[in-house]
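Each remark here refers to the structure printed beneath this line.
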Amino acid sequence: MNAPFFKYALFGDEMSLVVAFVIGIGFGFFLERAGFGNARLLAAQFYFRDLRVLKVMFTAIITAMVGAYLLGRLGLLDLSLVYLTPTFLVPQIAGGLILGAGFIIGGYCPGTSCVSAATGRIDGMVYLAGMIGGLLGFAEVYPSIERFTKITAMGQITLARQFHLSYGFLVFAVVLMAFGAFVMAELAEKFIGGKEPGPGALLEPVRTFTPVRRFAVVLTGLGVVALFAGSPYRSALAQVDTKQLALDALRAADQVTADQLADWLVEGRNDYLLVDVRDAQSFAAYHIPGAVNLPLSGLNHDFAQRNERVVFYSDNAIHTAQAWFLIRSLGFPSVYILAGGLETWQEAVLYPRAPAAGAAPKDQIDFAKRMAVAKFFGGSARGATSEVANPVAPVLPKLAPPSPTAPAPDNAQPAKKKKKEGC
């Protein structure tokens with residue numbers, strides 16, 4: 001699962017690379033410290049001689065699971081904003097088996113091979129080279145197996161929803177399973193690997209309350225709390241922070257200009273959901289490329305994942321504002337409207353007006369760009385005082401050309417915003 005920090009513009013494009021680099025270095029550091037950069041240690045788990053990989057992974061899982069659950073239950077973390085990878089049961093089982101076979105044969109998984117290669121191990125470099133080759137090969141055969149990769153689609157599911165279990169019960173069960181696995185792993189290391197439980201083991205042959213045992217008791221206690229604490233997800237009932245909504249509307253932080261949206265579409269960005277709230281007939285007559293049609297009556301708390309970045313538009317400013325207010329009140333944190341709606345899209349993108357004769361070179365360069373964008377969307381440029389020249393959209397149904405006397409759209413840029421996993 002992924003937290004939507006980048007999408008909500010907590011940092012920009014350049015800073016995102018820095019953040020990703022720092023996170024990657026930190027992740028690699030802890031993997032190496034845990035011994036995951038050594039193929040011998042990784043392979044030892046398959047022979048039950050050294051099961052530190054299982055212990056480290058289970059420790060990370062239960063710590064994150066209990067922590068995320070309690071933070072969500074206390075209202076400090078909105079779990080509905082965390083992206084869940086969709087489940088495609090059969091393809092993912094097949095992929096898991098292939099990954100597992102590669103892990104056993106090569107001694108590494110993708111992440112640990114990078115750590116090993118970064119620390120100068122030759123086997124890690126060879127494995128990494130093989131992994132890159134495999135990726136290239138997969139890209140070549142993917143068109144032939146694409147249909148297979150999409151069968152048994154189950155959507156974004158969780159065990160609790162699928163089997164009608166309480167989230168607290170699931171947390172408690174996983175904690176017990178983890179500590180049971182720790183005990184079994186230490187017994188396997190003792191009787192198969194000949195490794196006596198030492199400092200840091202649950203079965204360490206001392207009667208003192210060691211830090212590991214204290215950690216186990218604390219996590220088990222938190223698991224018991226979770227068992228009776230209820231769901232960590234927030235209620236679907238609308239909660240309106242009128243002050244925050246008013247501030248967002250006042251500083252136009254909730255708006256995307258037509259030029260911005262056109263740039264996103266040309267760039268092929270998929271980090272937002274574009275929603276047309278008009279009726280189906282109007283949508284069929286013309287809609288902005290990539291938009292989905294969802295009238296106001298279809299907007300509710302589950303119309304999209306709450307970590308979506310949503311942009312609404314219409315030819316009616318009132319309907320767009322109503323959609324924005326409704327979805328913001330339902331707890332969606334990243335909701336915007338197309339400033340000026342379809343009218344401004346038509347004026348600024350489909351049929352931009354040429355600058356007057358003798359305009360500054362900067363204006364002429366800007367118009368050349370806008371003319372290319374208009375052509376991309378099937379529109380055409382207007383002269384400074386003329387009608388639209390050849391307003392024919394080759395793919396999309398065309399909008400009626402604007403009047404040559406229509407006022408120029410206001411292209412004032414609002415505060416620059418954010419990025420989505422898919423439309």
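For the structure tokens, the naming scheme is as follows: chains receive sequential letters (A, B, ...) according to their order of presentation, residues are indexed from 1 within each chain, and ligands are indexed from 1 in presentation order.
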- Message: To test your reading of the structure, identify every residue in region 200-400 of chain A that backbone DSSP assigns to strand (DSSP E or B), and report it as an MDAnalysis selection string.
- Response: chainID A and resid 255:256 273:276 292:293 310:313 335:338 353 382 388
- Query: Near Asn38 (chain A), within 9 Å and counting only C-alpha atoms, which residues show up once chain neighbours fewer than 3 positions away are dropped, as a ChimeraX atom specification?
  - Reply: /A:32,35,41-43,107-108,112-113,115-116,121,124
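The coordinates place CA of Ala160 (chain A) at 23.5 Å from CA of Val218 (chain A).
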- Message: For a test of reading the model, state the distance in Å between CA of Ser166 (chain A) and CA of Val217 (chain A), rounded to one decimal.
- Response: 22.0 Å
- DSSP-assigned helix (DSSP H, G or I) members of region 273-403 of chain A, reported as number ranges by chain: A: 280-285, 296-298, 317-329, 341-350, 361-376
- Note on the structure: With distances taken over only C-alpha atoms, the candidate from A:Leu219, A:Gly95, A:Thr158, A:Val126 nearest Phe138 (chain A) is A:Gly95
- Message: When you look at Met65 (chain A) with a cut-off of 12 Å (counting only C-alpha atoms), what residues show up, excluding the ones that are within fewer than 3 positions of it in the same chain? I need them as number ranges by chain.
- Response: A: 58-62, 68-72, 79, 167-168, 170-175, 178, 219, 222-223, 226, 232
Write a file of the just-selected residues containing N, CA and C atoms, as a PDB file, in the first residue's frame.
ATOM      1  N   PHE A  58       8.174 -10.416  10.085  1.00  0.00           N
ATOM      2  CA  PHE A  58       6.998 -10.472  10.948  1.00  0.00           C
ATOM      3  C   PHE A  58       7.013  -9.340  11.977  1.00  0.00           C
ATOM      4  N   THR A  59       8.187  -8.987  12.472  1.00  0.00           N
ATOM      5  CA  THR A  59       8.278  -7.858  13.408  1.00  0.00           C
ATOM      6  C   THR A  59       7.811  -6.574  12.739  1.00  0.00           C
ATOM      7  N   ALA A  60       8.261  -6.353  11.505  1.00  0.00           N
ATOM      8  CA  ALA A  60       7.849  -5.152  10.770  1.00  0.00           C
ATOM      9  C   ALA A  60       6.346  -5.170  10.522  1.00  0.00           C
ATOM     10  N   ILE A  61       5.806  -6.329  10.151  1.00  0.00           N
ATOM     11  CA  ILE A  61       4.380  -6.429   9.825  1.00  0.00           C
ATOM     12  C   ILE A  61       3.507  -6.122  11.034  1.00  0.00           C
ATOM     13  N   ILE A  62       3.800  -6.764  12.166  1.00  0.00           N
ATOM     14  CA  ILE A  62       2.911  -6.569  13.318  1.00  0.00           C
ATOM     15  C   ILE A  62       3.089  -5.190  13.935  1.00  0.00           C
ATOM     16  N   ALA A  68      -0.718   1.244  12.783  1.00  0.00           N
ATOM     17  CA  ALA A  68      -1.686   1.848  11.856  1.00  0.00           C
ATOM     18  C   ALA A  68      -3.105   1.697  12.388  1.00  0.00           C
ATOM     19  N   TYR A  69      -3.408   0.540  12.974  1.00  0.00           N
ATOM     20  CA  TYR A  69      -4.745   0.320  13.516  1.00  0.00           C
ATOM     21  C   TYR A  69      -5.055   1.322  14.634  1.00  0.00           C
ATOM     22  N   LEU A  70      -4.140   1.442  15.585  1.00  0.00           N
ATOM     23  CA  LEU A  70      -4.401   2.316  16.735  1.00  0.00           C
ATOM     24  C   LEU A  70      -4.438   3.786  16.330  1.00  0.00           C
ATOM     25  N   LEU A  71      -3.549   4.188  15.420  1.00  0.00           N
ATOM     26  CA  LEU A  71      -3.591   5.580  14.949  1.00  0.00           C
ATOM     27  C   LEU A  71      -4.897   5.867  14.225  1.00  0.00           C
ATOM     28  N   GLY A  72      -5.370   4.887  13.432  1.00  0.00           N
ATOM     29  CA  GLY A  72      -6.652   5.076  12.764  1.00  0.00           C
ATOM     30  C   GLY A  72      -7.803   5.139  13.748  1.00  0.00           C
ATOM     31  N   LEU A  79      -7.072   5.838   7.372  1.00  0.00           N
ATOM     32  CA  LEU A  79      -6.668   4.666   6.612  1.00  0.00           C
ATOM     33  C   LEU A  79      -7.347   4.589   5.248  1.00  0.00           C
ATOM     34  N   TYR A 167     -11.796  -5.755  12.095  1.00  0.00           N
ATOM     35  CA  TYR A 167     -10.389  -5.411  11.911  1.00  0.00           C
ATOM     36  C   TYR A 167      -9.595  -5.686  13.185  1.00  0.00           C
ATOM     37  N   GLY A 168     -10.198  -5.448  14.334  1.00  0.00           N
ATOM     38  CA  GLY A 168      -9.505  -5.698  15.593  1.00  0.00           C
ATOM     39  C   GLY A 168      -9.173  -7.166  15.772  1.00  0.00           C
ATOM     40  N   LEU A 170      -8.678  -9.311  13.408  1.00  0.00           N
ATOM     41  CA  LEU A 170      -7.622  -9.644  12.458  1.00  0.00           C
ATOM     42  C   LEU A 170      -6.259  -9.201  12.990  1.00  0.00           C
ATOM     43  N   VAL A 171      -6.191  -8.019  13.580  1.00  0.00           N
ATOM     44  CA  VAL A 171      -4.940  -7.533  14.157  1.00  0.00           C
ATOM     45  C   VAL A 171      -4.478  -8.474  15.266  1.00  0.00           C
ATOM     46  N   PHE A 172      -5.388  -8.824  16.156  1.00  0.00           N
ATOM     47  CA  PHE A 172      -5.048  -9.715  17.276  1.00  0.00           C
ATOM     48  C   PHE A 172      -4.578 -11.074  16.758  1.00  0.00           C
ATOM     49  N   ALA A 173      -5.257 -11.617  15.744  1.00  0.00           N
ATOM     50  CA  ALA A 173      -4.898 -12.920  15.201  1.00  0.00           C
ATOM     51  C   ALA A 173      -3.518 -12.897  14.561  1.00  0.00           C
ATOM     52  N   VAL A 174      -3.198 -11.820  13.848  1.00  0.00           N
ATOM     53  CA  VAL A 174      -1.889 -11.733  13.199  1.00  0.00           C
ATOM     54  C   VAL A 174      -0.781 -11.605  14.247  1.00  0.00           C
ATOM     55  N   VAL A 175      -1.033 -10.862  15.329  1.00  0.00           N
ATOM     56  CA  VAL A 175      -0.039 -10.744  16.399  1.00  0.00           C
ATOM     57  C   VAL A 175       0.244 -12.119  17.006  1.00  0.00           C
ATOM     58  N   ALA A 178       2.199 -14.221  14.594  1.00  0.00           N
ATOM     59  CA  ALA A 178       3.598 -13.803  14.496  1.00  0.00           C
ATOM     60  C   ALA A 178       4.423 -14.379  15.633  1.00  0.00           C
ATOM     61  N   LEU A 219       2.998  -5.756  22.519  1.00  0.00           N
ATOM     62  CA  LEU A 219       2.265  -5.923  21.272  1.00  0.00           C
ATOM     63  C   LEU A 219       1.051  -6.833  21.444  1.00  0.00           C
ATOM     64  N   LEU A 222      -1.598  -4.731  23.087  1.00  0.00           N
ATOM     65  CA  LEU A 222      -2.235  -3.833  22.113  1.00  0.00           C
ATOM     66  C   LEU A 222      -3.146  -4.606  21.175  1.00  0.00           C
ATOM     67  N   GLY A 223      -2.771  -5.850  20.862  1.00  0.00           N
ATOM     68  CA  GLY A 223      -3.642  -6.685  20.050  1.00  0.00           C
ATOM     69  C   GLY A 223      -4.950  -6.973  20.749  1.00  0.00           C
ATOM     70  N   ALA A 226      -7.061  -3.949  20.492  1.00  0.00           N
ATOM     71  CA  ALA A 226      -7.641  -3.863  19.148  1.00  0.00           C
ATOM     72  C   ALA A 226      -8.826  -4.803  18.994  1.00  0.00           C
ATOM     73  N   PRO A 232     -11.005   0.732  12.539  1.00  0.00           N
ATOM     74  CA  PRO A 232     -10.096   1.894  12.503  1.00  0.00           C
ATOM     75  C   PRO A 232     -10.460   2.897  11.420  1.00  0.00           C
TER      76      PRO A 232
END
Val292 (chain A) environment, 10 Å, only C-alpha atoms, sequence neighbours closer than 2 positions dropped, as a compact mmCIF listing (two decimals) with C-alpha atoms, in the first residue's frame:
# COMPACT_ATOMS: atom_id res chain seq x y z
CA LEU A 273 -9.74 11.69 -11.78
CA LEU A 274 -11.57 14.07 -14.13
CA VAL A 275 -15.35 14.02 -13.54
CA ASP A 276 -18.02 15.59 -15.76
CA VAL A 277 -21.13 16.24 -13.64
CA PHE A 283 -21.56 14.41 -21.99
CA HIS A 287 -16.61 16.05 -23.08
CA ILE A 288 -13.01 16.72 -22.20
CA PRO A 289 -10.81 13.73 -23.13
CA GLY A 290 -10.30 11.32 -20.25
CA LEU A 294 -21.05 11.11 -13.06
CA PRO A 295 -24.03 13.41 -12.40
CA PHE A 312 -14.91 18.39 -11.38
CA CYS A 423 -8.09 7.25 -13.71
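Counting only C-alpha atoms, Phe367 (chain A) has the following residues at most 9 Å away, ignoring those fewer than 4 positions along the same chain: Pro352, Arg353, Ala354, Pro355, Lys362, Asp363, Met371, Ala372 and Ala381 of chain A.
Nearest-residue note for Phe148 (chain A): choosing from A:Tyr313, A:Phe30, A:Tyr83, A:Phe88, the minimum distance belongs to A:Phe88, counting only C-alpha atoms.
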